[in-house]
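Text of data-v4.pdb (PDB, C-alpha atoms) as supplied:
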```pdb
MODEL        1
ATOM      1  CA  MET A   1     -10.183 -26.271  27.629
ATOM      2  CA  LYS A   2      -8.032 -23.444  26.337
ATOM      3  CA  SER A   3      -8.234 -21.756  22.959
ATOM      4  CA  ALA A   4      -6.410 -18.924  21.222
ATOM      5  CA  VAL A   5      -7.745 -16.712  18.437
ATOM      6  CA  ILE A   6      -5.173 -14.857  16.335
ATOM      7  CA  THR A   7      -6.022 -11.300  15.314
ATOM      8  CA  PHE A   8      -4.418 -10.021  12.111
ATOM      9  CA  PRO A   9      -4.806  -6.469  10.810
ATOM     10  CA  GLY A  10      -8.110  -6.729   8.944
ATOM     11  CA  SER A  11      -9.536  -9.728  10.816
ATOM     12  CA  ASN A  12     -13.210  -9.054  11.541
ATOM     13  CA  CYS A  13     -14.606 -12.332  12.870
ATOM     14  CA  ASP A  14     -12.076 -12.636  15.701
ATOM     15  CA  ARG A  15     -14.426 -11.229  18.353
ATOM     16  CA  ASP A  16     -17.372 -13.319  17.105
ATOM     17  CA  MET A  17     -15.156 -16.370  17.446
ATOM     18  CA  ASP A  18     -14.129 -15.270  20.955
ATOM     19  CA  VAL A  19     -17.822 -14.981  21.939
ATOM     20  CA  ALA A  20     -18.625 -18.399  20.433
ATOM     21  CA  LEU A  21     -15.707 -20.213  22.066
ATOM     22  CA  LYS A  22     -16.471 -18.713  25.502
ATOM     23  CA  LYS A  23     -20.184 -19.483  25.167
ATOM     24  CA  PHE A  24     -19.416 -23.192  24.881
ATOM     25  CA  GLY A  25     -16.870 -23.323  27.673
ATOM     26  CA  PHE A  26     -13.465 -22.516  26.194
ATOM     27  CA  SER A  27     -11.169 -20.250  28.135
ATOM     28  CA  ASN A  28     -10.107 -18.110  25.184
ATOM     29  CA  LYS A  29      -7.185 -15.766  24.691
ATOM     30  CA  MET A  30      -6.799 -13.245  21.875
ATOM     31  CA  VAL A  31      -3.318 -13.271  20.343
ATOM     32  CA  TRP A  32      -1.878 -10.417  18.277
ATOM     33  CA  HIS A  33      -0.223 -11.308  14.955
ATOM     34  CA  GLN A  34       3.061  -9.675  15.992
ATOM     35  CA  ASP A  35       3.400 -11.865  19.067
ATOM     36  CA  VAL A  36       6.069 -14.497  18.693
ATOM     37  CA  GLU A  37       4.784 -17.233  20.981
ATOM     38  CA  LEU A  38       1.398 -18.845  21.412
ATOM     39  CA  PRO A  39      -0.010 -19.107  24.935
ATOM     40  CA  LYS A  40      -0.535 -22.635  26.259
ATOM     41  CA  THR A  41      -3.603 -23.801  24.353
ATOM     42  CA  ASP A  42      -5.592 -26.817  23.112
ATOM     43  CA  LEU A  43      -6.900 -25.096  19.990
ATOM     44  CA  VAL A  44      -5.716 -22.257  17.740
ATOM     45  CA  VAL A  45      -8.258 -20.461  15.570
ATOM     46  CA  LEU A  46      -7.422 -18.297  12.552
ATOM     47  CA  PRO A  47     -10.568 -16.168  12.182
ATOM     48  CA  GLY A  48     -12.386 -14.767   9.172
ATOM     49  CA  GLY A  49     -11.989 -11.287   7.765
ATOM     50  CA  PHE A  50      -9.774  -9.506   5.272
ATOM     51  CA  SER A  51      -6.277  -9.763   6.713
ATOM     52  CA  TYR A  52      -3.941  -7.199   5.139
ATOM     53  CA  GLY A  53      -6.808  -6.040   2.925
ATOM     54  CA  ASP A  54      -6.491  -9.231   0.854
ATOM     55  CA  TYR A  55      -3.357  -7.712  -0.750
ATOM     56  CA  LEU A  56      -1.354  -9.871  -3.178
ATOM     57  CA  ARG A  57      -3.483 -12.998  -2.582
ATOM     58  CA  CYS A  58      -6.021 -13.554   0.228
ATOM     59  CA  GLY A  59      -4.172 -14.787   3.289
ATOM     60  CA  SER A  60      -0.712 -14.574   1.708
ATOM     61  CA  MET A  61       0.610 -11.704   3.840
ATOM     62  CA  ALA A  62      -0.906 -13.051   7.071
ATOM     63  CA  SER A  63       0.694 -16.438   6.417
ATOM     64  CA  LYS A  64       4.092 -14.720   6.814
ATOM     65  CA  SER A  65       3.166 -12.954  10.105
ATOM     66  CA  LYS A  66       5.454 -13.365  13.114
ATOM     67  CA  ILE A  67       2.984 -15.499  15.055
ATOM     68  CA  MET A  68       2.509 -17.938  12.156
ATOM     69  CA  GLN A  69       5.809 -19.737  12.713
ATOM     70  CA  SER A  70       4.549 -20.702  16.195
ATOM     71  CA  VAL A  71       1.190 -21.731  14.729
ATOM     72  CA  ILE A  72       2.948 -23.896  12.109
ATOM     73  CA  ASN A  73       5.135 -25.509  14.789
ATOM     74  CA  PHE A  74       2.061 -26.091  16.976
ATOM     75  CA  ALA A  75       0.241 -27.765  14.047
ATOM     76  CA  ASN A  76       3.256 -29.862  13.088
ATOM     77  CA  SER A  77       3.504 -31.160  16.642
ATOM     78  CA  GLY A  78      -0.129 -32.339  16.487
ATOM     79  CA  GLY A  79      -1.892 -29.252  17.904
ATOM     80  CA  MET A  80      -5.396 -28.455  16.659
ATOM     81  CA  VAL A  81      -5.560 -25.486  14.302
ATOM     82  CA  MET A  82      -8.823 -24.367  12.725
ATOM     83  CA  GLY A  83      -9.026 -21.701  10.014
ATOM     84  CA  ILE A  84     -12.397 -20.207   9.132
ATOM     85  CA  CYS A  85     -12.935 -18.342   5.833
ATOM     86  CA  ASN A  86      -9.935 -15.950   5.638
ATOM     87  CA  GLY A  87      -8.345 -18.284   8.202
ATOM     88  CA  PHE A  88      -8.740 -21.122   5.654
ATOM     89  CA  GLN A  89      -7.090 -18.903   3.022
ATOM     90  CA  ILE A  90      -4.205 -18.272   5.439
ATOM     91  CA  LEU A  91      -3.874 -22.022   6.081
ATOM     92  CA  VAL A  92      -3.564 -22.860   2.379
ATOM     93  CA  GLU A  93      -0.944 -20.120   1.981
ATOM     94  CA  THR A  94       1.140 -21.658   4.787
ATOM     95  CA  GLY A  95       0.850 -25.047   3.089
ATOM     96  CA  LEU A  96      -0.616 -26.654   6.241
ATOM     97  CA  VAL A  97      -3.568 -27.777   4.118
ATOM     98  CA  PRO A  98      -3.291 -28.460   0.373
ATOM     99  CA  GLY A  99      -4.782 -26.444  -2.494
ATOM    100  CA  VAL A 100      -5.783 -22.795  -2.918
ATOM    101  CA  LEU A 101      -8.942 -20.659  -2.822
ATOM    102  CA  LEU A 102      -9.651 -18.818  -6.075
ATOM    103  CA  ARG A 103     -12.138 -16.046  -6.909
ATOM    104  CA  ASN A 104     -15.708 -17.347  -6.821
ATOM    105  CA  LYS A 105     -16.722 -18.792 -10.171
ATOM    106  CA  TYR A 106     -19.318 -16.093 -10.953
ATOM    107  CA  LEU A 107     -17.204 -13.224  -9.531
ATOM    108  CA  GLU A 108     -19.784 -12.397  -6.857
ATOM    109  CA  PHE A 109     -19.259 -11.879  -3.154
ATOM    110  CA  ILE A 110     -21.513 -14.589  -1.678
ATOM    111  CA  CYS A 111     -23.199 -13.998   1.678
ATOM    112  CA  LYS A 112     -25.863 -16.571   2.542
ATOM    113  CA  ASN A 113     -26.718 -19.697   4.486
ATOM    114  CA  VAL A 114     -25.667 -23.009   2.945
ATOM    115  CA  PHE A 115     -25.900 -26.670   3.848
ATOM    116  CA  VAL A 116     -22.779 -28.749   4.244
ATOM    117  CA  LYS A 117     -22.416 -32.487   4.635
ATOM    118  CA  ILE A 118     -19.805 -33.806   7.017
ATOM    119  CA  SER A 119     -17.685 -36.185   4.940
ATOM    120  CA  ASN A 120     -15.328 -37.452   7.618
ATOM    121  CA  LYS A 121     -16.163 -37.913  11.305
ATOM    122  CA  ASN A 122     -12.999 -39.786  12.123
ATOM    123  CA  ASN A 123     -11.292 -36.748  13.684
ATOM    124  CA  SER A 124     -11.419 -34.507  16.755
ATOM    125  CA  TYR A 125     -13.550 -31.875  15.031
ATOM    126  CA  PHE A 126     -16.566 -33.933  13.992
ATOM    127  CA  LYS A 127     -16.278 -37.166  16.007
ATOM    128  CA  ASN A 128     -19.591 -37.987  17.794
ATOM    129  CA  ILE A 129     -21.480 -35.112  16.158
ATOM    130  CA  ASN A 130     -25.160 -36.108  16.051
ATOM    131  CA  LYS A 131     -25.917 -34.528  12.674
ATOM    132  CA  ASN A 132     -24.597 -35.270   9.186
ATOM    133  CA  ILE A 133     -25.760 -32.055   7.556
ATOM    134  CA  LEU A 134     -25.232 -28.616   9.051
ATOM    135  CA  GLU A 135     -26.723 -25.287   8.013
ATOM    136  CA  LEU A 136     -23.953 -22.712   8.215
ATOM    137  CA  HIS A 137     -23.240 -19.239   6.906
ATOM    138  CA  ILE A 138     -20.760 -18.299   4.185
ATOM    139  CA  ALA A 139     -19.519 -14.806   3.299
ATOM    140  CA  HIS A 140     -16.640 -14.710   0.849
ATOM    141  CA  ASN A 141     -15.296 -13.563  -2.484
ATOM    142  CA  GLU A 142     -12.520 -16.155  -2.778
ATOM    143  CA  GLY A 143     -13.886 -19.529  -1.682
ATOM    144  CA  ASN A 144     -13.530 -21.455  -4.907
ATOM    145  CA  TYR A 145     -11.443 -24.406  -3.752
ATOM    146  CA  PHE A 146      -8.899 -25.578  -6.311
ATOM    147  CA  CYS A 147      -6.068 -28.086  -6.264
ATOM    148  CA  THR A 148      -4.056 -30.039  -8.817
ATOM    149  CA  LYS A 149      -5.202 -33.488  -9.974
ATOM    150  CA  ASP A 150      -2.364 -35.116  -8.021
ATOM    151  CA  GLN A 151      -3.324 -33.181  -4.878
ATOM    152  CA  LEU A 152      -6.981 -34.153  -5.313
ATOM    153  CA  LYS A 153      -6.047 -37.821  -5.550
ATOM    154  CA  GLU A 154      -3.958 -37.527  -2.389
ATOM    155  CA  ILE A 155      -6.747 -35.637  -0.586
ATOM    156  CA  GLU A 156      -9.278 -38.313  -1.508
ATOM    157  CA  ASP A 157      -6.934 -41.228  -0.755
ATOM    158  CA  ASN A 158      -6.301 -39.800   2.736
ATOM    159  CA  SER A 159      -9.979 -38.882   3.394
ATOM    160  CA  GLN A 160      -8.998 -35.240   3.837
ATOM    161  CA  ILE A 161     -12.308 -33.753   2.669
ATOM    162  CA  ALA A 162     -14.077 -32.465   5.803
ATOM    163  CA  ILE A 163     -17.295 -30.954   4.467
ATOM    164  CA  ASN A 164     -18.983 -30.520   1.077
ATOM    165  CA  TYR A 165     -21.666 -28.058  -0.025
ATOM    166  CA  CYS A 166     -24.971 -29.920  -0.432
ATOM    167  CA  ASP A 167     -28.751 -29.508  -0.449
ATOM    168  CA  PRO A 168     -30.827 -29.811   2.777
ATOM    169  CA  GLU A 169     -31.013 -33.596   2.211
ATOM    170  CA  GLY A 170     -27.264 -33.972   1.786
ATOM    171  CA  LYS A 171     -27.073 -34.314  -1.995
ATOM    172  CA  ILE A 172     -23.619 -33.153  -3.101
ATOM    173  CA  GLU A 173     -24.299 -31.834  -6.607
ATOM    174  CA  GLU A 174     -23.292 -28.913  -8.815
ATOM    175  CA  PRO A 175     -26.470 -26.808  -8.269
ATOM    176  CA  PHE A 176     -25.643 -26.646  -4.540
ATOM    177  CA  ASN A 177     -22.076 -25.523  -5.182
ATOM    178  CA  PRO A 178     -22.091 -21.763  -4.453
ATOM    179  CA  ASN A 179     -18.626 -20.817  -5.663
ATOM    180  CA  GLY A 180     -17.269 -23.364  -8.149
ATOM    181  CA  SER A 181     -15.188 -25.406  -5.684
ATOM    182  CA  ILE A 182     -13.813 -28.725  -6.942
ATOM    183  CA  LYS A 183     -16.104 -31.564  -5.753
ATOM    184  CA  ASN A 184     -18.194 -29.021  -3.767
ATOM    185  CA  ILE A 185     -15.390 -28.878  -1.198
ATOM    186  CA  ALA A 186     -16.184 -26.452   1.651
ATOM    187  CA  GLY A 187     -13.524 -27.609   4.090
ATOM    188  CA  ILE A 188     -10.488 -29.872   4.215
ATOM    189  CA  PHE A 189      -8.062 -31.354   6.719
ATOM    190  CA  ASN A 190      -4.331 -31.865   6.635
ATOM    191  CA  LYS A 191      -3.237 -35.495   6.372
ATOM    192  CA  GLU A 192      -3.185 -35.975  10.158
ATOM    193  CA  LYS A 193      -6.657 -34.314  10.598
ATOM    194  CA  ASN A 194      -5.483 -31.946  13.341
ATOM    195  CA  VAL A 195      -5.663 -28.932  10.997
ATOM    196  CA  LEU A 196      -9.051 -27.950   9.549
ATOM    197  CA  GLY A 197      -9.731 -25.173   7.058
ATOM    198  CA  MET A 198     -13.293 -24.322   6.059
ATOM    199  CA  MET A 199     -15.155 -21.483   4.370
ATOM    200  CA  PRO A 200     -18.424 -21.592   6.437
ATOM    201  CA  HIS A 201     -18.639 -19.644   9.709
ATOM    202  CA  PRO A 202     -19.932 -21.807  12.583
ATOM    203  CA  GLU A 203     -19.467 -18.821  14.942
ATOM    204  CA  ARG A 204     -22.289 -17.019  13.134
ATOM    205  CA  MET A 205     -24.799 -19.780  13.912
ATOM    206  CA  ILE A 206     -24.739 -19.976  17.684
ATOM    207  CA  ASP A 207     -28.024 -18.288  18.494
ATOM    208  CA  PRO A 208     -31.429 -19.323  17.120
ATOM    209  CA  SER A 209     -32.663 -15.732  17.442
ATOM    210  CA  LEU A 210     -30.020 -14.658  14.931
ATOM    211  CA  SER A 211     -29.697 -17.028  11.998
ATOM    212  CA  GLY A 212     -29.535 -20.566  13.335
ATOM    213  CA  ASP A 213     -28.132 -22.972  15.826
ATOM    214  CA  ASP A 214     -26.056 -25.529  13.923
ATOM    215  CA  GLY A 215     -22.855 -23.721  14.912
ATOM    216  CA  SER A 216     -23.779 -24.495  18.536
ATOM    217  CA  ILE A 217     -23.895 -28.201  17.676
ATOM    218  CA  PHE A 218     -20.403 -27.914  16.165
ATOM    219  CA  PHE A 219     -18.852 -26.055  19.138
ATOM    220  CA  LYS A 220     -20.542 -28.201  21.840
ATOM    221  CA  ASN A 221     -19.266 -31.320  20.116
ATOM    222  CA  LEU A 222     -15.789 -29.831  19.617
ATOM    223  CA  ILE A 223     -15.238 -29.016  23.289
ATOM    224  CA  ASN A 224     -16.558 -32.447  24.339
ATOM    225  CA  ASN A 225     -14.110 -34.101  21.941
ATOM    226  CA  LEU A 226     -11.220 -32.136  23.411
ATOM    227  CA  LYS A 227     -12.056 -32.911  27.068
TER
ATOM    228  CA  MET B   1      19.070  -2.634  -9.801
ATOM    229  CA  LYS B   2      15.485  -2.954 -11.015
ATOM    230  CA  ILE B   3      14.004  -6.343 -11.757
ATOM    231  CA  SER B   4      10.556  -6.996 -13.206
ATOM    232  CA  VAL B   5       8.440 -10.034 -12.562
ATOM    233  CA  ILE B   6       5.276 -11.198 -14.290
ATOM    234  CA  ILE B   7       2.963 -13.635 -12.551
ATOM    235  CA  THR B   8       0.386 -15.484 -14.596
ATOM    236  CA  LEU B   9      -2.208 -18.127 -13.829
ATOM    237  CA  LYS B  10      -1.299 -21.633 -14.962
ATOM    238  CA  LYS B  11      -2.994 -22.858 -18.106
ATOM    239  CA  ASP B  12      -5.522 -25.210 -16.492
ATOM    240  CA  VAL B  13      -6.625 -22.724 -13.807
ATOM    241  CA  LEU B  14      -9.925 -20.979 -14.483
ATOM    242  CA  ASP B  15      -9.545 -17.193 -14.793
ATOM    243  CA  PRO B  16     -13.046 -15.720 -14.397
ATOM    244  CA  GLN B  17     -11.728 -12.132 -14.486
ATOM    245  CA  GLY B  18      -9.937 -12.756 -17.774
ATOM    246  CA  LYS B  19     -13.138 -14.286 -19.129
ATOM    247  CA  VAL B  20     -15.237 -11.240 -18.217
ATOM    248  CA  ILE B  21     -12.635  -8.903 -19.744
ATOM    249  CA  HIS B  22     -12.743 -11.024 -22.902
ATOM    250  CA  GLN B  23     -16.546 -10.712 -23.026
ATOM    251  CA  ALA B  24     -16.324  -6.938 -22.527
ATOM    252  CA  LEU B  25     -13.791  -6.647 -25.360
ATOM    253  CA  ASP B  26     -16.112  -8.716 -27.526
ATOM    254  CA  GLY B  27     -18.978  -6.352 -26.724
ATOM    255  CA  MET B  28     -16.804  -3.371 -27.684
ATOM    256  CA  GLY B  29     -16.202  -4.806 -31.118
ATOM    257  CA  PHE B  30     -12.813  -6.454 -30.601
ATOM    258  CA  ASN B  31     -14.097  -9.666 -32.113
ATOM    259  CA  ASP B  32     -10.875 -11.492 -32.933
ATOM    260  CA  VAL B  33      -9.673 -12.130 -29.369
ATOM    261  CA  ASN B  34      -9.182 -15.827 -28.629
ATOM    262  CA  GLU B  35      -8.609 -15.582 -24.907
ATOM    263  CA  VAL B  36      -7.661 -13.102 -22.151
ATOM    264  CA  ARG B  37      -5.652 -14.148 -19.092
ATOM    265  CA  GLN B  38      -5.107 -11.633 -16.292
ATOM    266  CA  GLY B  39      -1.851 -11.559 -14.340
ATOM    267  CA  LYS B  40       0.288  -9.428 -12.031
ATOM    268  CA  TYR B  41       3.370  -7.301 -12.669
ATOM    269  CA  PHE B  42       5.994  -6.340 -10.073
ATOM    270  CA  GLU B  43       8.951  -3.937 -10.235
ATOM    271  CA  ILE B  44      11.500  -4.691  -7.561
ATOM    272  CA  ASP B  45      14.266  -2.185  -6.891
ATOM    273  CA  THR B  46      17.037  -3.959  -5.011
ATOM    274  CA  LYS B  47      20.368  -2.823  -3.522
ATOM    275  CA  GLU B  48      22.083  -5.840  -5.079
ATOM    276  CA  THR B  49      24.269  -4.784  -8.038
ATOM    277  CA  ASN B  50      25.239  -8.210  -9.343
ATOM    278  CA  PRO B  51      22.531  -9.178 -11.899
ATOM    279  CA  LYS B  52      22.884 -12.925 -11.318
ATOM    280  CA  LYS B  53      22.620 -12.581  -7.522
ATOM    281  CA  ALA B  54      19.729 -10.117  -7.834
ATOM    282  CA  LYS B  55      17.818 -12.475 -10.121
ATOM    283  CA  ASP B  56      18.402 -15.394  -7.761
ATOM    284  CA  LYS B  57      17.043 -13.360  -4.831
ATOM    285  CA  VAL B  58      13.970 -12.325  -6.804
ATOM    286  CA  GLU B  59      13.394 -15.923  -7.820
ATOM    287  CA  GLU B  60      13.412 -16.862  -4.138
ATOM    288  CA  MET B  61      10.900 -14.046  -3.465
ATOM    289  CA  CYS B  62       8.656 -15.439  -6.202
ATOM    290  CA  LYS B  63       8.745 -18.920  -4.730
ATOM    291  CA  LYS B  64       8.215 -17.810  -1.129
ATOM    292  CA  LEU B  65       5.683 -14.992  -1.498
ATOM    293  CA  LEU B  66       4.964 -13.351  -4.838
ATOM    294  CA  ALA B  67       3.534 -16.429  -6.567
ATOM    295  CA  ASN B  68       1.486 -19.359  -5.334
ATOM    296  CA  LEU B  69       2.996 -22.181  -7.346
ATOM    297  CA  VAL B  70      -0.145 -24.326  -7.112
ATOM    298  CA  ILE B  71      -1.900 -21.960  -9.507
ATOM    299  CA  GLU B  72       0.643 -19.444 -10.774
ATOM    300  CA  ASN B  73       3.816 -19.258 -12.849
ATOM    301  CA  TYR B  74       6.385 -16.494 -12.528
ATOM    302  CA  LYS B  75       8.714 -15.035 -15.117
ATOM    303  CA  ILE B  76      11.580 -12.707 -14.324
ATOM    304  CA  ILE B  77      11.659 -10.522 -17.408
ATOM    305  CA  ASP B  78      14.555  -8.142 -17.075
ATOM    306  CA  ALA B  79      17.265  -6.731 -14.853
ATOM    307  CA  GLN B  80      18.632  -3.210 -15.325
TER
ENDMDL
END
```

Mind converting the file's structure to structure tokens?
Amino acid sequence: MKSAVITFPGSNCDRDMDVALKKFGFSNKMVWHQDVELPKTDLVVLPGGFSYGDYLRCGSMASKSKIMQSVINFANSGGMVMGICNGFQILVETGLVPGVLLRNKYLEFICKNVFVKISNKNNSYFKNINKNILELHIAHNEGNYFCTKDQLKEIEDNSQIAINYCDPEGKIEEPFNPNGSIKNIAGIFNKEKNVLGMMPHPERMIDPSLSGDDGSIFFKNLINNLK
Amino acid sequence: MKISVIITLKKDVLDPQGKVIHQALDGMGFNDVNEVRQGKYFEIDTKETNPKKAKDKVEEMCKKLLANLVIENYKIIDAQ
């Protein structure tokens, strides 16, 4: 299985993602933001970081990068595109997934482990995964998911919510919402479910000797789904 | 020609920075403030000399990059 990770100026989780993808069997290529064409790939990843120093709005400048037109075409033709953290912010700025990510409700940069509940397994990302709740890491200043009432209705009608912040037992309630996101939303799909944007970093949870292993479960399942 | 643009958050979007600024003003003794909303201001110097054409171009810039219309409104305030 082939993957491609896009590096923007200011990306800082691109190499972590490269390590994670290779660990679980992907043949991964790094792609520079000024490239025009994507290599032949089964999965495109927009990594975390602070592309363009978060100027104007997080992800807004990166969403206009040269490579993004290819990424948008790839997504529109059914290709799998996953945006993590800043990658999620870039995805919302391209309009591939609905909504926006605002400043965290309490104006703090949040860096901690959280639990998320998988809300929809009927897609190539979470199909067959043997856990409903994952412990993952978040590190962001703008992760407060917001959308209009009409968008929220559409998102819910199309089962586009991927994961929600929850407690270790899977309770999706306000006290377990770290950043003020509507409905505790931590990740969403596009309508077709081939594009996934999420704030948590599965690539940071691939080694039990570091902070945990639930990212391994996610990546192992992902590559099996793509085979 | 110089054109100015103001970008503000839409009414129903939470503005935590504006809220904190409001609280700080309150603490400083400015007690009669109802609300503070923080926005962005741009000055765009363009080669276009026709005011109507220049405004149209800037409006396109607002829609495509300067503002995110899910949460923000833009206002082109003057051309000179």

Selected residue, from A:Met1, A:Ile6, A:Leu102, A:Met198, that lies nearest to A:Val36 when counting all atoms listed in the file: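 Checking each of A:Met1, A:Ile6, A:Leu102, A:Met198 against A:Val36, counting all atoms listed in the file, the winner is A:Ile6.
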
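Note that the spacing between atom CA of A:Ala186 and atom CA of B:Gly18 amounts to 24.6 Å.
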
Residues matched by the ChimeraX specification (/B :<9) & /A, written as a PyMOL selection string: chain A and resi 56-57+60-61+64+93+99-100+102-107+146-148

Shell around A:Phe74 at 12 Å using all atoms listed in the file, local window under 6 positions removed, as an NGL selection string: :A and (4 or 37-45 or 67-68 or 80-82 or 96 or 194-195)

Selection: 8 Å around A:Asn120, all atoms listed in the file, excl. self and same-chain fewer than 5 positions, as a ChimeraX atom specification: /A:126,159-163

Please write the residues from the selection above to a file, keeping C-alpha atoms, as a PDB file, in the coordinates of the input.
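result.pdb, written as the output of this step:
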```pdb
ATOM      1  CA  PHE A 126     -16.566 -33.933  13.992  1.00  0.00           C
ATOM      2  CA  SER A 159      -9.979 -38.882   3.394  1.00  0.00           C
ATOM      3  CA  GLN A 160      -8.998 -35.240   3.837  1.00  0.00           C
ATOM      4  CA  ILE A 161     -12.308 -33.753   2.669  1.00  0.00           C
ATOM      5  CA  ALA A 162     -14.077 -32.465   5.803  1.00  0.00           C
ATOM      6  CA  ILE A 163     -17.295 -30.954   4.467  1.00  0.00           C
TER       7      ILE A 163
END
```

Result set of the PyMOL selection byres ((chain A and resi 129) around 12) on the coordinates above, as a list in words: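 With the shown file as input, the PyMOL selection byres ((chain A and resi 129) around 12) matches Lys117, Ile118, Ser119, Asn120, Lys121, Asn122, Asn123, Ser124, Tyr125, Phe126, Lys127, Asn128, Asn130, Lys131, Asn132, Ile133, Leu134, Asp214, Gly215, Ser216, Ile217, Phe218, Phe219, Lys220, Asn221, Leu222, Ile223, Asn224 and Asn225 of chain A.
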
Interatomic distance (Å, one decimal) between atom CA of A:Cys166 and atom CA of A:Ala20: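 We find that atom CA of A:Cys166 and atom CA of A:Ala20 lie 24.7 Å from each other.
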
Atomic distance atom CA of A:Asn141 - atom CA of A:Leu210, expressed in Å with one decimal: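 Spanning atom CA of A:Asn141 to atom CA of A:Leu210 is a straight-line distance of 22.8 Å.
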
Pick from A:Leu196, A:Leu226, A:Val114, A:Val5 nearest to A:Leu91, counting only C-alpha atoms: A:Leu196

Within 8 Å of B:Lys19 using all atoms listed in the file, minus same-chain residues under 5 positions, as a CSV table (one decimal) with C-alpha atoms, in the coordinates of the input:
```
chain,number,residue,atom,x,y,z
B,35,GLU,CA,-8.6,-15.6,-24.9
B,36,VAL,CA,-7.7,-13.1,-22.2
B,37,ARG,CA,-5.7,-14.1,-19.1
```

Selection result of the PyMOL selection byres ((chain A and resi 201) around 12) on this file, as a ChimeraX atom specification: /A:13-14,16-17,20,45-49,82-88,111-116,134-140,186-187,197-200,202-206,211-216,218-219

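Counting all atoms listed in the file and comparing B:Ile3, B:Met28, B:Leu9, B:Ile76, the residue that lies closest to B:Asn50 is B:Ile3.
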
Pick from B:Lys52, B:Lys10, B:Lys57, B:His22, whichever lies nearest to B:Glu72 using all atoms listed in the file: B:Lys10

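For B:Pro51, the set of protein, DNA and RNA residues having any atom at most 12 Å away, when counting all atoms listed in the file and skipping those fewer than 4 positions along the same chain, is Met1, Lys2, Ile3, Asp45, Thr46, Lys47, Lys55, Asp56, Lys57, Val58, Ile76, Asp78, Ala79 and Gln80 of chain B.
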
Output of stretch 16-29 of chain B limited to N, CA and C atoms, as an mmCIF file, in the first residue's frame:
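Dumped everything to result-v4.cif:
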```cif
data_model
loop_
_atom_site.group_PDB
_atom_site.id
_atom_site.type_symbol
_atom_site.label_atom_id
_atom_site.label_comp_id
_atom_site.auth_asym_id
_atom_site.auth_seq_id
_atom_site.Cartn_x
_atom_site.Cartn_y
_atom_site.Cartn_z
ATOM 1 N N PRO B 16 -13.876 34.207 21.945
ATOM 2 C CA PRO B 16 -13.273 34.165 23.287
ATOM 3 C C PRO B 16 -12.257 35.290 23.504
ATOM 4 N N GLN B 17 -11.549 35.699 22.438
ATOM 5 C CA GLN B 17 -10.568 36.782 22.612
ATOM 6 C C GLN B 17 -11.277 38.094 22.935
ATOM 7 N N GLY B 18 -12.362 38.372 22.217
ATOM 8 C CA GLY B 18 -13.143 39.568 22.487
ATOM 9 C C GLY B 18 -13.656 39.577 23.921
ATOM 10 N N LYS B 19 -14.069 38.376 24.386
ATOM 11 C CA LYS B 19 -14.602 38.250 25.737
ATOM 12 C C LYS B 19 -13.542 38.599 26.780
ATOM 13 N N VAL B 20 -12.325 38.077 26.575
ATOM 14 C CA VAL B 20 -11.242 38.327 27.530
ATOM 15 C C VAL B 20 -10.871 39.812 27.525
ATOM 16 N N ILE B 21 -10.867 40.418 26.329
ATOM 17 C CA ILE B 21 -10.557 41.854 26.242
ATOM 18 C C ILE B 21 -11.629 42.656 26.997
ATOM 19 N N HIS B 22 -12.879 42.227 26.824
ATOM 20 C CA HIS B 22 -13.985 42.876 27.540
ATOM 21 C C HIS B 22 -13.760 42.800 29.055
ATOM 22 N N GLN B 23 -13.391 41.600 29.534
ATOM 23 C CA GLN B 23 -13.160 41.424 30.973
ATOM 24 C C GLN B 23 -12.021 42.316 31.454
ATOM 25 N N ALA B 24 -10.952 42.404 30.629
ATOM 26 C CA ALA B 24 -9.805 43.236 31.010
ATOM 27 C C ALA B 24 -10.225 44.705 31.102
ATOM 28 N N LEU B 25 -11.023 45.148 30.114
ATOM 29 C CA LEU B 25 -11.501 46.534 30.136
ATOM 30 C C LEU B 25 -12.323 46.795 31.386
ATOM 31 N N ASP B 26 -13.156 45.817 31.721
ATOM 32 C CA ASP B 26 -13.987 45.890 32.922
ATOM 33 C C ASP B 26 -13.106 46.095 34.158
ATOM 34 N N GLY B 27 -12.055 45.265 34.229
ATOM 35 C CA GLY B 27 -11.122 45.326 35.357
ATOM 36 C C GLY B 27 -10.397 46.660 35.441
ATOM 37 N N MET B 28 -10.237 47.329 34.286
ATOM 38 C CA MET B 28 -9.529 48.612 34.260
ATOM 39 C C MET B 28 -10.453 49.779 34.590
ATOM 40 N N GLY B 29 -11.721 49.469 34.777
ATOM 41 C CA GLY B 29 -12.656 50.524 35.147
ATOM 42 C C GLY B 29 -13.554 50.998 34.020
#
```
